[in-house]
$ cat target.cif   # mmCIF, C-alpha atoms
data_start
#
loop_
_atom_site.label_atom_id
_atom_site.label_comp_id
_atom_site.auth_asym_id
_atom_site.auth_seq_id
_atom_site.Cartn_x
_atom_site.Cartn_y
_atom_site.Cartn_z
CA MET A 287 18.34 -20.96 24.86
CA SER A 288 14.75 -22.10 25.09
CA SER A 289 12.37 -21.55 22.17
CA THR A 290 10.16 -19.41 24.42
CA VAL A 291 13.02 -17.03 25.16
CA ARG A 292 13.96 -16.85 21.48
CA HIS A 293 10.35 -16.07 20.58
CA HIS A 294 10.09 -13.21 23.06
CA ARG A 295 13.43 -11.74 22.03
CA ARG A 296 12.46 -11.89 18.35
CA ARG A 297 9.18 -10.17 19.08
CA LEU A 298 10.90 -7.50 21.19
CA SER A 299 13.43 -6.82 18.46
CA ALA A 300 10.78 -6.49 15.77
CA VAL A 301 8.65 -4.22 17.93
CA VAL A 302 11.55 -1.93 18.82
CA SER A 303 12.41 -1.57 15.13
CA ALA A 304 8.81 -0.86 14.22
CA LEU A 305 8.49 1.61 17.05
CA GLY A 306 11.27 3.60 15.46
CA SER A 307 9.40 3.61 12.16
CA LEU A 308 6.27 4.90 13.80
CA LEU A 309 7.90 7.64 15.81
CA LEU A 310 10.04 9.20 13.12
CA LEU A 311 9.33 9.76 9.45
CA GLY A 312 13.06 9.74 9.01
CA GLY A 313 15.91 7.40 8.26
CA ALA A 314 15.67 7.54 4.49
CA ILE A 315 13.93 10.88 4.75
CA ALA A 316 15.89 14.00 3.93
CA PRO A 317 14.95 17.57 3.10
CA ALA A 318 14.36 17.99 -0.62
CA ALA A 319 16.73 20.24 -2.53
CA SER A 320 15.38 23.77 -2.44
CA ALA A 321 16.14 24.33 -6.13
CA ASP A 322 13.69 21.64 -7.19
CA THR A 323 10.04 22.40 -7.76
CA MET A 324 7.49 20.16 -6.11
CA ARG A 325 6.61 18.72 -9.50
CA ASP A 326 10.27 17.85 -10.08
CA ARG A 327 10.28 15.96 -6.80
CA GLU A 328 7.14 14.06 -7.77
CA TRP A 329 8.98 12.52 -10.72
CA TYR A 330 6.70 9.49 -10.86
CA LEU A 331 3.75 11.59 -11.99
CA ASP A 332 5.41 12.41 -15.30
CA ARG A 333 6.64 8.84 -15.68
CA MET A 334 3.07 7.67 -15.34
CA GLN A 335 1.76 10.34 -17.71
CA ALA A 336 -0.49 11.66 -14.96
CA ALA A 337 -1.33 14.92 -16.74
CA GLU A 338 -2.62 13.00 -19.75
CA MET A 339 -4.64 10.63 -17.57
CA TRP A 340 -6.20 13.52 -15.67
CA LYS A 341 -7.75 14.76 -18.93
CA VAL A 342 -9.77 11.54 -18.89
CA SER A 343 -9.98 10.55 -15.22
CA THR A 344 -9.01 12.14 -11.90
CA GLY A 345 -10.53 9.50 -9.66
CA LYS A 346 -13.72 11.56 -9.25
CA GLY A 347 -16.56 9.56 -7.76
CA ILE A 348 -14.22 7.10 -6.03
CA THR A 349 -13.78 6.99 -2.26
CA VAL A 350 -10.71 5.33 -0.80
CA ALA A 351 -10.99 3.97 2.75
CA LEU A 352 -7.65 4.67 4.44
CA LEU A 353 -7.01 2.34 7.38
CA ASP A 354 -4.18 4.12 9.15
CA THR A 355 -3.32 6.63 11.88
CA GLY A 356 -6.06 9.11 10.98
CA VAL A 357 -6.06 12.04 8.56
CA ILE A 358 -5.85 15.78 9.26
CA PRO A 359 -8.38 17.34 6.84
CA SER A 360 -7.16 20.92 7.32
CA VAL A 361 -3.87 20.49 5.44
CA SER A 362 -3.99 22.52 2.25
CA GLU A 363 -3.67 19.51 -0.06
CA LEU A 364 -6.75 17.79 1.40
CA THR A 365 -9.27 20.61 1.67
CA GLY A 366 -12.77 19.25 1.08
CA LYS A 367 -11.52 15.73 0.35
CA VAL A 368 -11.74 14.00 3.73
CA LEU A 369 -14.95 12.42 5.03
CA PRO A 370 -15.77 12.19 8.77
CA GLY A 371 -14.54 8.61 9.10
CA LYS A 372 -14.28 6.64 12.33
CA ASN A 373 -11.71 5.88 15.01
CA PHE A 374 -11.76 2.17 15.97
CA VAL A 375 -9.29 2.49 18.85
CA GLU A 376 -10.22 5.75 20.56
CA PRO A 377 -13.74 6.56 19.30
CA LYS A 378 -14.01 9.88 21.14
CA LEU A 379 -11.00 11.31 19.31
CA GLY A 380 -12.52 10.74 15.88
CA ALA A 381 -10.52 10.10 12.71
CA HIS A 382 -9.40 13.69 12.04
CA LYS A 383 -6.39 13.58 14.35
CA ASP A 384 -3.06 12.14 13.26
CA LYS A 385 -0.31 12.32 15.85
CA ASP A 386 2.05 10.29 13.71
CA GLY A 387 1.44 11.91 10.32
CA HIS A 388 1.53 8.63 8.39
CA GLY A 389 -2.16 8.54 7.47
CA THR A 390 -2.20 12.16 6.35
CA ALA A 391 0.84 11.56 4.15
CA MET A 392 -0.82 8.54 2.50
CA ALA A 393 -4.00 10.53 1.91
CA MET A 394 -2.04 13.26 0.12
CA LEU A 395 -0.28 10.74 -2.11
CA ILE A 396 -3.67 9.38 -3.12
CA ALA A 397 -5.82 12.50 -3.41
CA GLY A 398 -3.72 15.61 -2.73
CA ASN A 399 -4.75 18.67 -4.73
CA GLY A 400 -1.23 20.12 -5.07
CA ALA A 401 -2.04 23.27 -3.07
CA ASN A 402 -1.58 25.51 -6.11
CA GLY A 403 1.67 23.88 -7.08
CA GLN A 404 3.23 24.32 -3.65
CA GLY A 405 2.23 20.98 -2.16
CA VAL A 406 1.85 17.29 -2.91
CA THR A 407 -0.37 16.32 -5.83
CA GLY A 408 -1.94 12.91 -5.47
CA LEU A 409 -2.16 10.56 -8.42
CA SER A 410 -5.97 10.60 -8.20
CA PRO A 411 -6.72 14.20 -7.12
CA GLY A 412 -10.44 13.82 -7.72
CA ALA A 413 -10.85 10.97 -5.23
CA ARG A 414 -12.09 11.31 -1.66
CA ILE A 415 -10.68 9.81 1.53
CA LEU A 416 -12.58 7.91 4.23
CA PRO A 417 -10.20 7.90 7.24
CA LEU A 418 -10.53 4.85 9.50
CA THR A 419 -8.15 5.02 12.45
CA VAL A 420 -6.74 1.65 13.53
CA PHE A 421 -3.71 2.82 15.55
CA GLY A 422 -4.07 4.46 18.97
CA SER A 423 -2.31 7.61 20.09
CA THR A 424 -1.25 6.28 23.51
CA LYS A 425 0.55 3.19 24.79
CA GLU A 426 -2.59 1.85 26.41
CA SER A 427 -4.83 2.34 23.37
CA GLY A 428 -2.19 1.10 20.96
CA THR A 429 -2.58 -2.56 21.90
CA ASN A 430 -5.87 -3.02 20.06
CA SER A 431 -4.78 -2.37 16.49
CA ILE A 432 -5.51 -5.82 15.09
CA PRO A 433 -9.10 -6.00 16.39
CA ALA A 434 -9.48 -2.43 15.14
CA LEU A 435 -8.15 -3.46 11.72
CA ILE A 436 -10.67 -6.29 11.48
CA ALA A 437 -13.55 -4.03 12.47
CA ALA A 438 -12.40 -1.30 10.08
CA ILE A 439 -12.25 -3.68 7.09
CA ARG A 440 -15.84 -4.71 7.74
CA TYR A 441 -16.90 -1.08 8.19
CA ALA A 442 -15.23 -0.11 4.92
CA ALA A 443 -16.93 -3.04 3.20
CA ASP A 444 -20.32 -1.61 4.17
CA SER A 445 -19.38 1.98 3.30
CA GLU A 446 -19.43 3.93 0.05
CA ALA A 447 -15.67 3.37 -0.33
CA LYS A 448 -14.66 1.18 -3.24
CA ILE A 449 -10.95 0.82 -2.43
CA ILE A 450 -9.50 -0.20 0.94
CA ASN A 451 -5.92 1.04 1.37
CA MET A 452 -3.91 -0.61 4.16
CA SER A 453 -0.39 0.81 4.32
CA LEU A 454 0.34 -1.42 7.30
CA GLY A 455 1.01 -5.03 8.24
CA PHE A 456 1.37 -7.46 11.16
CA GLU A 457 3.70 -10.44 11.15
CA ASP A 458 2.61 -13.91 12.23
CA PHE A 459 4.03 -13.74 15.74
CA MET A 460 2.12 -10.51 16.39
CA LEU A 461 -1.24 -12.18 15.83
CA ALA A 462 -3.13 -13.77 18.70
CA GLY A 463 -4.86 -17.10 18.21
CA GLY A 464 -7.55 -16.90 15.57
CA GLU A 465 -6.79 -13.34 14.45
CA LYS A 466 -5.35 -14.36 11.09
CA GLY A 467 -8.57 -16.21 10.36
CA GLN A 468 -10.63 -13.25 11.53
CA ILE A 469 -8.72 -10.94 9.19
CA GLN A 470 -9.38 -13.41 6.36
CA GLU A 471 -13.10 -13.51 7.15
CA ALA A 472 -13.23 -9.69 7.07
CA VAL A 473 -11.32 -9.68 3.77
CA ASP A 474 -13.68 -12.27 2.28
CA TYR A 475 -16.63 -10.15 3.34
CA ALA A 476 -15.18 -7.02 1.73
CA VAL A 477 -14.29 -8.82 -1.52
CA GLY A 478 -17.82 -10.22 -1.58
CA ARG A 479 -19.11 -6.66 -1.34
CA GLY A 480 -17.16 -5.72 -4.48
CA LYS A 481 -14.28 -3.90 -2.78
CA LEU A 482 -10.63 -3.82 -3.82
CA LEU A 483 -8.15 -4.34 -0.98
CA LEU A 484 -4.47 -3.38 -1.15
CA ALA A 485 -1.84 -3.71 1.60
CA ALA A 486 1.86 -2.99 2.09
CA THR A 487 4.17 -6.00 2.06
CA GLY A 488 6.71 -4.51 4.47
CA ASN A 489 10.09 -2.79 4.59
CA ARG A 490 12.40 -5.47 5.99
CA GLY A 491 13.36 -7.09 2.70
CA ASP A 492 17.05 -6.42 3.32
CA LYS A 493 16.79 -8.36 6.60
CA ASP A 494 14.06 -10.95 6.21
CA ASN A 495 10.98 -11.62 4.10
CA GLY A 496 8.45 -12.68 6.68
CA VAL A 497 4.85 -12.52 5.50
CA SER A 498 2.75 -9.80 7.09
CA TYR A 499 -1.02 -9.54 7.17
CA PRO A 500 -3.33 -8.44 5.61
CA ALA A 501 -0.96 -8.47 2.58
CA GLY A 502 -0.64 -12.22 3.11
CA ASN A 503 -4.39 -12.80 3.23
CA LEU A 504 -5.96 -14.41 0.18
CA GLY A 505 -7.72 -11.85 -2.01
CA VAL A 506 -5.62 -8.87 -0.87
CA ALA A 507 -3.17 -7.32 -3.33
CA GLY A 508 0.19 -7.11 -1.58
CA ILE A 509 2.19 -4.14 -2.91
CA GLY A 510 5.98 -3.98 -3.24
CA ALA A 511 8.12 -0.93 -3.96
CA VAL A 512 10.34 -0.01 -6.92
CA ASP A 513 12.76 2.87 -7.37
CA LYS A 514 13.51 5.41 -10.10
CA THR A 515 15.30 2.80 -12.16
CA SER A 516 12.24 0.54 -12.05
CA SER A 517 14.15 -1.95 -9.88
CA VAL A 518 12.67 -3.44 -6.75
CA THR A 519 14.02 -1.64 -3.68
CA LYS A 520 16.24 -3.50 -1.23
CA PHE A 521 13.83 -2.88 1.63
CA SER A 522 10.72 -4.20 -0.15
CA VAL A 523 9.66 -7.56 1.29
CA SER A 524 9.36 -10.30 -1.33
CA GLY A 525 7.33 -13.49 -1.53
CA PRO A 526 4.19 -15.01 -3.02
CA GLN A 527 2.10 -12.35 -1.26
CA VAL A 528 3.41 -9.67 -3.65
CA ALA A 529 0.77 -9.06 -6.33
CA LEU A 530 1.92 -5.74 -7.78
CA ALA A 531 4.56 -3.05 -7.32
CA ALA A 532 4.51 0.74 -7.43
CA PRO A 533 6.96 3.61 -6.83
CA GLY A 534 8.14 3.67 -3.23
CA ASP A 535 11.44 5.53 -3.15
CA GLU A 536 12.33 9.25 -2.83
CA ILE A 537 8.72 10.32 -2.50
CA PRO A 538 8.06 13.86 -1.21
CA ILE A 539 5.81 14.27 1.82
CA ARG A 540 5.30 16.85 4.53
CA CYS A 541 8.07 16.72 7.11
CA VAL A 542 7.13 15.88 10.70
CA ASP A 543 8.24 16.77 14.23
CA GLY A 544 7.99 20.49 13.58
CA VAL A 545 10.32 20.47 10.58
CA PRO A 546 8.91 22.86 7.94
CA GLY A 547 8.54 22.00 4.29
CA TYR A 548 8.60 18.66 2.48
CA CYS A 549 10.98 15.74 2.86
CA LYS A 550 11.91 12.72 0.75
CA SER A 551 10.77 9.32 2.00
CA ASN A 552 10.42 5.71 1.00
CA GLY A 553 8.39 2.62 1.87
CA THR A 554 5.88 0.06 0.70
CA SER A 555 3.27 2.22 2.43
CA GLN A 556 3.75 4.86 -0.23
CA ALA A 557 3.77 2.26 -2.98
CA THR A 558 0.44 0.98 -1.69
CA ALA A 559 -1.05 4.47 -1.70
CA ILE A 560 0.07 5.02 -5.31
CA ALA A 561 -1.33 1.64 -6.35
CA SER A 562 -4.65 2.56 -4.72
CA ALA A 563 -4.66 5.87 -6.58
CA SER A 564 -3.99 3.97 -9.83
CA ALA A 565 -7.02 1.82 -9.14
CA ALA A 566 -9.11 4.93 -8.46
CA LEU A 567 -8.24 6.39 -11.88
CA ILE A 568 -9.28 3.19 -13.64
CA TRP A 569 -12.43 2.69 -11.58
CA SER A 570 -13.54 6.27 -12.11
CA LYS A 571 -13.48 5.69 -15.86
CA HIS A 572 -15.23 2.31 -15.52
CA PRO A 573 -17.65 2.86 -12.63
CA SER A 574 -19.71 -0.27 -13.33
CA TRP A 575 -16.79 -2.60 -12.59
CA THR A 576 -16.22 -4.45 -9.32
CA GLY A 577 -13.02 -4.51 -7.32
CA ASN A 578 -12.19 -7.90 -8.84
CA GLN A 579 -12.35 -6.46 -12.33
CA VAL A 580 -10.27 -3.38 -11.51
CA LEU A 581 -7.67 -5.62 -9.89
CA ARG A 582 -7.60 -7.94 -12.90
CA VAL A 583 -7.02 -5.01 -15.26
CA LEU A 584 -4.29 -3.63 -12.98
CA MET A 585 -2.56 -7.02 -13.14
CA ASN A 586 -3.01 -7.52 -16.88
CA THR A 587 -1.69 -4.05 -17.78
CA ALA A 588 1.21 -4.02 -15.30
CA GLY A 589 4.81 -3.76 -16.54
CA LYS A 590 5.92 -7.39 -16.37
CA PRO A 591 9.26 -8.52 -14.93
CA THR A 592 11.99 -8.60 -17.59
CA GLU A 593 13.49 -11.70 -15.98
CA GLY A 594 12.09 -14.83 -14.37
CA LYS A 595 8.56 -16.08 -14.11
CA VAL A 596 5.29 -14.27 -13.57
CA PRO A 597 4.21 -13.74 -10.91
CA SER A 598 7.58 -12.65 -9.57
CA ARG A 599 8.21 -12.88 -5.86
CA TYR A 600 9.55 -9.31 -6.00
CA ILE A 601 7.02 -7.35 -8.07
CA GLY A 602 4.24 -9.89 -8.54
CA TYR A 603 2.45 -9.41 -11.86
CA GLY A 604 4.41 -6.23 -12.45
CA THR A 605 4.53 -2.50 -11.80
CA VAL A 606 1.21 -0.69 -12.10
CA ARG A 607 0.59 1.22 -15.33
CA PRO A 608 -2.89 2.76 -15.05
CA ARG A 609 -2.35 4.83 -18.21
CA LEU A 610 -2.84 1.72 -20.35
CA ALA A 611 -6.34 1.25 -18.97
CA VAL A 612 -7.23 4.95 -18.71
CA LEU A 613 -5.87 6.18 -22.04
CA GLY A 614 -6.22 2.98 -24.04
CA ASP A 615 -8.05 -0.32 -24.21
CA PRO A 616 -8.15 -1.93 -20.74
CA GLY A 617 -8.90 -5.35 -22.16
CA ASP A 618 -11.42 -7.81 -20.81
CA PRO A 619 -12.05 -7.10 -17.11
CA GLY A 620 -13.29 -10.66 -16.67
CA PRO A 621 -15.94 -11.95 -14.27
CA ALA A 622 -17.20 -9.53 -11.65
CA ASP A 623 -17.40 -12.10 -8.87
CA VAL A 624 -14.01 -13.86 -9.27
CA ASN A 625 -10.99 -12.46 -7.46
CA PRO A 626 -8.00 -13.04 -9.78
CA LEU A 627 -5.58 -13.58 -6.91
CA VAL A 628 -7.76 -16.27 -5.37
CA ALA A 629 -8.26 -17.90 -8.76
CA ALA A 630 -4.51 -17.92 -9.45
CA ARG A 631 -3.88 -19.96 -6.28
CA SER A 632 -6.08 -22.80 -7.54
CA PRO A 633 -3.88 -25.78 -8.61
CA LYS A 634 -6.18 -26.38 -11.56
CA LYS A 635 -5.89 -22.89 -13.00
CA SER A 636 -3.18 -20.98 -14.80
CA PRO A 637 -1.05 -18.17 -13.32
CA SER A 638 -2.62 -15.68 -15.71
CA PRO A 639 -5.00 -13.25 -13.98
CA SER A 640 -6.99 -12.88 -17.19
CA ALA A 641 -10.69 -13.50 -17.51
CA SER A 642 -10.17 -17.19 -18.23
CA GLU A 643 -8.11 -17.53 -15.00
CA ALA A 644 -6.81 -20.85 -16.32
CA GLY A 645 -3.96 -22.91 -14.69
CA GLY A 646 -1.03 -22.91 -12.17
CA SER A 647 -0.23 -21.63 -8.69
CA GLY A 648 0.99 -18.09 -8.35
CA SER A 649 2.73 -18.83 -5.07
CA SER A 650 4.67 -21.84 -6.32
CA ASN A 651 5.93 -20.00 -9.40
CA ALA A 652 7.07 -17.02 -7.35
CA SER A 653 8.94 -19.13 -4.82
CA LYS A 654 11.22 -20.60 -7.50
CA GLN A 655 12.69 -17.27 -8.59
CA PRO A 656 16.33 -16.83 -7.48
CA ALA A 657 16.65 -14.50 -4.51
CA SER A 658 19.82 -13.06 -6.02
CA SER A 659 17.77 -11.12 -8.55
CA ALA A 660 15.93 -9.13 -5.91
CA ALA A 661 18.01 -5.98 -6.13
CA SER A 662 18.15 -5.83 -9.91
CA GLU A 663 14.78 -7.10 -11.11
CA LYS A 664 13.00 -4.61 -13.30
CA SER A 665 9.67 -4.45 -15.04
CA ASP A 666 8.97 -3.57 -18.64
CA ASP A 667 6.97 -0.39 -19.23
CA GLY A 668 6.38 -1.14 -22.87
CA LYS A 669 9.26 1.08 -23.98
CA GLY A 670 12.09 -1.21 -22.94
CA VAL A 671 13.14 1.19 -20.23
CA GLY A 672 11.43 -0.37 -17.21
CA ALA A 673 8.09 -0.03 -15.52
CA ILE A 674 6.61 3.16 -14.19
CA VAL A 675 8.32 3.94 -10.97
CA TRP A 676 6.41 5.05 -7.93
CA ILE A 677 8.17 6.63 -5.07
CA ILE A 678 6.50 7.50 -1.87
CA VAL A 679 6.73 8.52 1.72
CA GLY A 680 8.75 6.29 3.95
CA VAL A 681 9.68 6.17 7.52
CA GLY A 682 13.01 5.88 9.22
CA VAL A 683 14.16 3.60 11.98
CA VAL A 684 14.98 4.70 15.51
CA VAL A 685 15.68 2.50 18.46
CA VAL A 686 13.10 3.03 21.15
CA VAL A 687 13.14 1.24 24.48
CA GLY A 688 10.40 1.11 27.06
CA ALA A 689 6.81 -0.06 27.09
CA VAL A 690 7.56 -1.96 23.91
CA LEU A 691 5.28 -4.90 24.51
CA LEU A 692 2.32 -2.64 25.15
CA LEU A 693 2.89 -0.98 21.79
CA ARG A 694 3.67 -4.13 19.80
CA ARG A 695 0.49 -4.17 17.73
CA ARG A 696 0.31 -0.49 17.00
CA THR A 697 3.87 0.12 15.99
CA ALA A 698 4.68 -3.08 14.17
CA GLY A 699 1.81 -2.51 11.80
CA LEU A 700 2.87 0.55 9.83
CA GLN A 701 4.84 -0.30 6.71
CA ARG A 702 6.77 2.86 6.06
#
$ encode --input "target.cif" --output "structure tokens"
Amino acid sequence: MSSTVRHHRRRLSAVVSALGSLLLLGGAIAPAASADTMRDREWYLDRMQAAEMWKVSTGKGITVALLDTGVIPSVSELTGKVLPGKNFVEPKLGAHKDKDGHGTAMAMLIAGNGANGQGVTGLSPGARILPLTVFGSTKESGTNSIPALIAAIRYAADSEAKIINMSLGFEDFMLAGGEKGQIQEAVDYAVGRGKLLLAATGNRGDKDNGVSYPAGNLGVAGIGAVDKTSSVTKFSVSGPQVALAAPGDEIPIRCVDGVPGYCKSNGTSQATAIASASAALIWSKHPSWTGNQVLRVLMNTAGKPTEGKVPSRYIGYGTVRPRLAVLGDPGDPGPADVNPLVAARSPKKSPSPSASEAGGSGSSNASKQPASSAASEKSDDGKGVGAIVWIIVGVGVVVVVGAVLLLRRRTAGLQR
């Protein structure tokens, strides 16, 4: 079989799988038990001591740019929280439509107000959302997602948003010539403007661990997912691109496709949203910091892996623990203009993301960790029980055939 044929078949297979993820928030999703309260379902909030953090910081004053499928501002959890935004694929539709439901779900995990105890409460309920649509609603419009992503990153960099949440990703073979470099240039521009960028690492860890972008771009914090036991999930993609981890399993979200109520879900998308909300809590308390400093504190206070080297290829520098920075001493945030992830890649500097940023390559350390520990690796939450677990909305897999190549960029991008 020629290499060209193998390439096209691999791309077709990946796109079909991703299409399923886009079309159905299912697979791992199941209706939540009716006997549970919504707060019971959002178990990660108590694990993270959210109620205590909210006495000090709710994320007020922080805007999170959400590069996704759009956000519906009329849902009860998001009343008054969603800015006008912009649609970079179908400008006339605006950013307040969300045919897929993914963007709206991520927005609720970040800034949901709980709807009087009946709905989803975001980890940073005082934050606001700037919706930037980068996925089209039709087959024809869906082919421009990567150019839309690049434009949206630059737009967010010039906006009032401080955090750029990208619960999405595109593998190497999905990128046209030069697009990886263009994404990097946009990322560099945003980091230079003081922004903090986070992206999902992907949900194919039980099949392969291919790097997706922008999580693989230098300066972006790639986010993996852990479960209730503080172990990395089987689906969470591993590799040197993983900077941090957050809960990404059994997370309640609104059901889709006309199904009433709330359903359980999982994915690195949700983990990314929770990590962004963690950053919003810290930044709200320390408004003079830059994105580099917030990221450094997130890394320094994270629950470190209990086995192997740091950074770990599975949970990076650890599972986010914003309570340490919100309720206690955050430590030295370090230089405002030095991205700790970029500094850690320097061969003359150490793997520590601390202010000194001295010695070793984060990617080389991570690559030496045995793959066999992927399913069991845990992080230490300071109590010997494991790191704070973050579980969030995920998306199932359905096999969809037809017009696949036209949809390859739109559908492959969402990391459910």
$ resolve_selection --input "target.cif" --expression "the PyMOL selection byres ((chain A and resi 351-368) around 7)" --output "ChimeraX atom specification"
/A:349-350,369-370,381-384,386,388-390,394,398-401,405-406,414-421,442,447,449-453
$ resolve_selection --input "target.cif" --expression "the PyMOL selection byres ((chain A and resi 335-348) around 9)" --output "VMD selection string"
chain A and resid 330 to 334 349 to 350 397 409 to 415 446 to 449 563 to 571 573 608 to 609 612 to 613
$ closest_residue --input "target.cif" --among "A:Phe456, A:Gln468, A:Val596, A:Ile439" --to "Gly496 in chain A" --atoms "all atoms listed in the file"
A:Phe456
$ atom_distance --input "target.cif" --atom1 "CA of Ala501 in chain A" --atom2 "CA of Gly525 in chain A"
10.5 Å
$ atom_distance --input "target.cif" --atom1 "CA of Val606 in chain A" --atom2 "CA of Thr576 in chain A"
18.0 Å
$ closest_residue --input "target.cif" --among "A:Asp444, A:Pro538, A:Ile436, A:Phe374" --to "Met324 in chain A" --atoms "all atoms listed in the file"
A:Pro538
$ closest_residue --input "target.cif" --among "A:Ile537, A:Tyr548, A:Gly502, A:Asp543" --to "Gly387 in chain A" --atoms "all atoms listed in the file"
A:Asp543
$ closest_residue --input "target.cif" --among "A:Arg490, A:Leu454, A:Arg599, A:Ile432" --to "Ile469 in chain A" --atoms "only C-alpha atoms"
A:Ile432
$ atom_distance --input "target.cif" --atom1 "CA of Ile560 in chain A" --atom2 "CA of Pro591 in chain A"
19.0 Å
$ residues_near_point --input "target.cif" --point "(-1.6, -1.5, 0.8)" --cutoff "9 Å" --atoms "only C-alpha atoms" --output "PyMOL selection string"
chain A and resi 450-455+483-487+500-501+506-510+554-559+561-562+701
$ resolve_selection --input "target.cif" --expression "the PyMOL selection byres ((chain A and resi 472) around 9)" --output "NGL selection string"
:A and (436-440 or 443 or 467-471 or 473-477)
$ closest_residue --input "target.cif" --among "A:Asp322, A:Ser516, A:Arg582, A:Phe459" --to "Thr605 in chain A" --atoms "all atoms listed in the file"
A:Ser516
$ closest_residue --input "target.cif" --among "A:Gly699, A:Gly534, A:Gly577, A:Gly547" --to "Asp458 in chain A" --atoms "only C-alpha atoms"
A:Gly699
$ axis_aligned_box --input "target.cif" --around "range 387-395 of chain A" --padding-each-side "3 Å" --output "JSON"
{"center_x": -1.2, "center_y": 10.9, "center_z": 4.1, "size_x": 11.5, "size_y": 10.7, "size_z": 18.4}
$ residues_around --input "target.cif" --residues "Phe521 in chain A" --least-positions-apart "4" --cutoff "8 Å" --atoms "all atoms listed in the file" --output "number ranges by chain"
A: 488-493, 553
$ write_last_selection --input "target.cif" --atoms "C-alpha atoms" --output "compact mmCIF listing (two decimals), in the coordinates of the input"
# COMPACT_ATOMS: atom_id res chain seq x y z
CA GLY A 488 6.71 -4.51 4.47
CA ASN A 489 10.09 -2.79 4.59
CA ARG A 490 12.40 -5.47 5.99
CA GLY A 491 13.36 -7.09 2.70
CA ASP A 492 17.05 -6.42 3.32
CA LYS A 493 16.79 -8.36 6.60
CA GLY A 553 8.39 2.62 1.87
$ decode --input "target.cif" --residues "range 496-509 of chain A" --atoms "N, CA and C atoms" --output "mmCIF file, in the first residue's frame"
data_model
loop_
_atom_site.group_PDB
_atom_site.id
_atom_site.type_symbol
_atom_site.label_atom_id
_atom_site.label_comp_id
_atom_site.auth_asym_id
_atom_site.auth_seq_id
_atom_site.Cartn_x
_atom_site.Cartn_y
_atom_site.Cartn_z
ATOM 1 N N GLY A 496 -0.811 11.075 19.664
ATOM 2 C CA GLY A 496 -0.358 12.082 18.727
ATOM 3 C C GLY A 496 -0.546 13.481 19.293
ATOM 4 N N VAL A 497 0.422 14.345 19.038
ATOM 5 C CA VAL A 497 0.346 15.726 19.511
ATOM 6 C C VAL A 497 -0.670 16.498 18.688
ATOM 7 N N SER A 498 -1.530 17.250 19.368
ATOM 8 C CA SER A 498 -2.457 18.132 18.675
ATOM 9 C C SER A 498 -2.092 19.570 18.999
ATOM 10 N N TYR A 499 -2.553 20.448 18.137
ATOM 11 C CA TYR A 499 -2.249 21.881 18.288
ATOM 12 C C TYR A 499 -3.557 22.647 18.419
ATOM 13 N N PRO A 500 -3.570 23.645 19.279
ATOM 14 C CA PRO A 500 -2.461 24.419 19.869
ATOM 15 C C PRO A 500 -1.849 23.882 21.161
ATOM 16 N N ALA A 501 -2.320 22.748 21.711
ATOM 17 C CA ALA A 501 -1.713 22.247 22.949
ATOM 18 C C ALA A 501 -0.221 21.999 22.763
ATOM 19 N N GLY A 502 0.176 21.615 21.550
ATOM 20 C CA GLY A 502 1.571 21.325 21.275
ATOM 21 C C GLY A 502 2.412 22.546 20.954
ATOM 22 N N ASN A 503 1.790 23.707 20.867
ATOM 23 C CA ASN A 503 2.547 24.926 20.578
ATOM 24 C C ASN A 503 3.254 25.440 21.822
ATOM 25 N N LEU A 504 4.467 25.908 21.647
ATOM 26 C CA LEU A 504 5.275 26.398 22.758
ATOM 27 C C LEU A 504 4.613 27.614 23.410
ATOM 28 N N GLY A 505 4.468 27.555 24.730
ATOM 29 C CA GLY A 505 3.848 28.656 25.459
ATOM 30 C C GLY A 505 2.408 28.401 25.838
ATOM 31 N N VAL A 506 1.796 27.356 25.244
ATOM 32 C CA VAL A 506 0.410 26.983 25.570
ATOM 33 C C VAL A 506 0.434 25.879 26.618
ATOM 34 N N ALA A 507 -0.413 25.987 27.619
ATOM 35 C CA ALA A 507 -0.516 24.946 28.643
ATOM 36 C C ALA A 507 -1.466 23.856 28.165
ATOM 37 N N GLY A 508 -0.912 22.696 27.808
ATOM 38 C CA GLY A 508 -1.736 21.562 27.422
ATOM 39 C C GLY A 508 -2.322 20.922 28.672
ATOM 40 N N ILE A 509 -3.626 20.626 28.650
ATOM 41 C CA ILE A 509 -4.314 20.127 29.849
ATOM 42 C C ILE A 509 -4.791 18.691 29.658
#
